[in-house]
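Participant: Dropping the structure in here first, questions after.
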Amino acid sequence: MQGEAVPPRVPTPRHYLMCPPRYFAVDYSINPWMDPSKPVSVDVAVAQWTELRDTYRRLGHTVEEIEPQPGLPDMVFAANSGTVVGGRVLGARFRAPQRAAEAEHFRRWFLEHGYRDLTMPEKINEAEGDFAWTGQVLLAGTGFRTDPAAHAEAQEVLGVPVVSLQLVDPRYYHLDTALFVLSESNVAYYPEAFSPGSQRVLRRMFPEAVVASSVDAEWFGLNGVSDGRNVVLPVEATGLGSELEGRGFEVVYVEVSELRKAGGGPKCCTLEIRK
């Protein structure tokens, strides 16, 4: 693309649901990033989450909050609790018993806020952890958490085409740790997190994709959030940030070091409501 003019990026206002990490802890291990023997700070987690929320608001986005519940330390990772496309809501069904109760709290929130077209899944599906809506197609991850049969269920409930992608590296246990949507026509992803066949699918679908390095992937750089122009990334993911800036995106860095101790980053904390 050297010498070519970079097209102007246009942001789209977004509507997010987030959950304050008031009861944040790492009391168990359900992914390779979690180590209950290492100390965590609720105060630091709250401060980092608050800055992430305020960043979204400064960018012009709407952020609603759900009340956290004691005994559910991972409820902060709201992205895992629902997929909303065109006002239709597909709830979550967690694989880990430690998180199972979260699904009901989010179900109630949606109903209480007027989302009547809501379906709770029969198959295990960890929502936007493994589902990424491009605006045209739902990219759907499997391999560690979400049941492959949940992909067909999502297509039936949401009424959108679904493309299945196989995850193969346990460090990238959810799709949103290995890929995020930049715009309707493009994504950023870490190839080695996917099976060879899924890598070929991604190359075919997104020939201009931003390909992340292993270093940026390990900093949860692929757990980013884009509004079409502004991209929120963990502060350490500078290589990916530079590549995105070269493509005309505005990168906003946030600190998520405490949240990452539980295997989460910006996107994990952010459930998008698409009306």
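Residue numbering restarts at 1 for every chain of the structure tokens, chains are lettered A, B, ... in their displayed order, and ligands are numbered from 1 as they appear.
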Can you list every residue in range 33-165 of chain A that DSSP puts in helix (DSSP H, G or I), as a PyMOL selection string?

Facilitator: chain A and resi 42-58+73-76+78-81+97-99+102-112+127-129+149-158

Participant: Find the spatial neighbours of range 63-76 of chain A, counting only C-alpha atoms, within a cut-off of 7 Å - ignore same-chain residues fewer than 2 positions away - and output them as a PyMOL selection string.

Facilitator: chain A and resi 15-25+57+61+78+99+102+269

Participant: Write the residues you've just listed into a file as an mmCIF file, in the first residue's frame, and include N, CA and C atoms for each of them.

Facilitator:
```
data_model
loop_
_atom_site.group_PDB
_atom_site.id
_atom_site.type_symbol
_atom_site.label_atom_id
_atom_site.label_comp_id
_atom_site.auth_asym_id
_atom_site.auth_seq_id
_atom_site.Cartn_x
_atom_site.Cartn_y
_atom_site.Cartn_z
ATOM 1 N N HIS A 15 -23.197 1.045 21.248
ATOM 2 C CA HIS A 15 -23.961 0.895 22.485
ATOM 3 C C HIS A 15 -23.404 -0.329 23.201
ATOM 4 N N TYR A 16 -22.831 -0.115 24.380
ATOM 5 C CA TYR A 16 -22.157 -1.188 25.103
ATOM 6 C C TYR A 16 -22.819 -1.455 26.447
ATOM 7 N N LEU A 17 -22.708 -2.692 26.894
ATOM 8 C CA LEU A 17 -23.088 -3.091 28.244
ATOM 9 C C LEU A 17 -21.841 -3.595 28.953
ATOM 10 N N MET A 18 -21.596 -3.064 30.158
ATOM 11 C CA MET A 18 -20.416 -3.434 30.927
ATOM 12 C C MET A 18 -20.806 -3.726 32.375
ATOM 13 N N CYS A 19 -19.914 -4.401 33.085
ATOM 14 C CA CYS A 19 -20.162 -4.777 34.475
ATOM 15 C C CYS A 19 -18.961 -4.399 35.331
ATOM 16 N N PRO A 20 -19.129 -3.521 36.323
ATOM 17 C CA PRO A 20 -17.995 -3.130 37.164
ATOM 18 C C PRO A 20 -17.399 -4.337 37.892
ATOM 19 N N PRO A 21 -16.072 -4.384 38.035
ATOM 20 C CA PRO A 21 -15.419 -5.532 38.684
ATOM 21 C C PRO A 21 -15.355 -5.401 40.207
ATOM 22 N N ARG A 22 -16.482 -5.112 40.809
ATOM 23 C CA ARG A 22 -16.519 -4.880 42.252
ATOM 24 C C ARG A 22 -16.101 -6.121 43.033
ATOM 25 N N TYR A 23 -16.366 -7.301 42.454
ATOM 26 C CA TYR A 23 -16.034 -8.552 43.147
ATOM 27 C C TYR A 23 -14.937 -9.316 42.404
ATOM 28 N N PHE A 24 -14.115 -8.574 41.688
ATOM 29 C CA PHE A 24 -13.047 -9.193 40.888
ATOM 30 C C PHE A 24 -12.107 -10.024 41.764
ATOM 31 N N ALA A 25 -11.752 -11.193 41.268
ATOM 32 C CA ALA A 25 -10.821 -12.089 41.967
ATOM 33 C C ALA A 25 -10.366 -13.151 40.988
ATOM 34 N N ARG A 57 -16.955 6.407 26.468
ATOM 35 C CA ARG A 57 -17.846 7.576 26.520
ATOM 36 C C ARG A 57 -17.199 8.792 25.879
ATOM 37 N N HIS A 61 -19.580 6.907 22.606
ATOM 38 C CA HIS A 61 -20.388 5.701 22.690
ATOM 39 C C HIS A 61 -21.261 5.705 23.944
ATOM 40 N N ALA A 78 -18.285 -9.050 30.455
ATOM 41 C CA ALA A 78 -19.669 -9.020 29.979
ATOM 42 C C ALA A 78 -19.831 -9.568 28.569
ATOM 43 N N ARG A 99 -18.972 -20.052 36.228
ATOM 44 C CA ARG A 99 -19.548 -18.875 35.581
ATOM 45 C C ARG A 99 -21.022 -19.063 35.200
ATOM 46 N N GLU A 102 -23.892 -16.469 35.817
ATOM 47 C CA GLU A 102 -23.867 -15.152 35.167
ATOM 48 C C GLU A 102 -24.962 -15.025 34.114
ATOM 49 N N CYS A 269 -14.523 -7.172 28.386
ATOM 50 C CA CYS A 269 -15.331 -6.347 29.296
ATOM 51 C C CYS A 269 -16.502 -5.674 28.591
#
```

Participant: Do a neighbour search on Arg260 in chain A at 9 Å with only C-alpha atoms, toss out local chain neighbours closer than 2 positions, and write the hits as a VMD selection string.

Facilitator: chain A and resid 33 to 34 219 to 220 256 to 258 262 to 265

Participant: Counting only C-alpha atoms, what are the residues of range 19-88 of chain A within 6 Å of range 120-129 of chain A, and for each of them which pair of atoms is the nearest and at what distance in Å, to one decimal? Sort the table by chain and rising number, as JSON lines.

Facilitator:
```
{"residue": "A:Ala79", "atom": "CA", "partner": "A:Glu128", "partner_atom": "CA", "distance": 5.0}
{"residue": "A:Asn80", "atom": "CA", "partner": "A:Ala127", "partner_atom": "CA", "distance": 4.8}
{"residue": "A:Ser81", "atom": "CA", "partner": "A:Ala127", "partner_atom": "CA", "distance": 5.6}
{"residue": "A:Gly82", "atom": "CA", "partner": "A:Ala127", "partner_atom": "CA", "distance": 4.9}
{"residue": "A:Thr83", "atom": "CA", "partner": "A:Ala127", "partner_atom": "CA", "distance": 5.3}
```

Participant: Kindly provide the residues of range 63-142 of chain A that approach range 155-170 of chain A to within 8 Å, each paired with its closest atom pair and their distance in Å to one decimal, based on only C-alpha atoms, listed by chain and increasing number, as a Markdown table.

Facilitator:
```
| residue | atom | partner | partner_atom | distance |
| --- | --- | --- | --- | --- |
| A:Val85 | CA | A:Leu158 | CA | 6.6 |
| A:Arg88 | CA | A:Leu158 | CA | 6.2 |
| A:Val89 | CA | A:Leu158 | CA | 7.5 |
| A:Leu90 | CA | A:Val157 | CA | 6.9 |
| A:Thr119 | CA | A:Val157 | CA | 7.2 |
| A:Gln136 | CA | A:Pro161 | CA | 7.7 |
| A:Val137 | CA | A:Pro161 | CA | 5.2 |
| A:Leu138 | CA | A:Val162 | CA | 4.7 |
| A:Leu139 | CA | A:Val163 | CA | 5.0 |
| A:Ala140 | CA | A:Ser164 | CA | 4.8 |
| A:Gly141 | CA | A:Leu165 | CA | 4.8 |
| A:Thr142 | CA | A:Gln166 | CA | 5.3 |
```

Participant: For His105 in chain A, which residue out of A:Lys275, A:Thr238, A:Gly248, A:Gly91 is the nearest one, using only C-alpha atoms?

Facilitator: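 Result for the nearest residue to His105 in chain A: A:Gly91.
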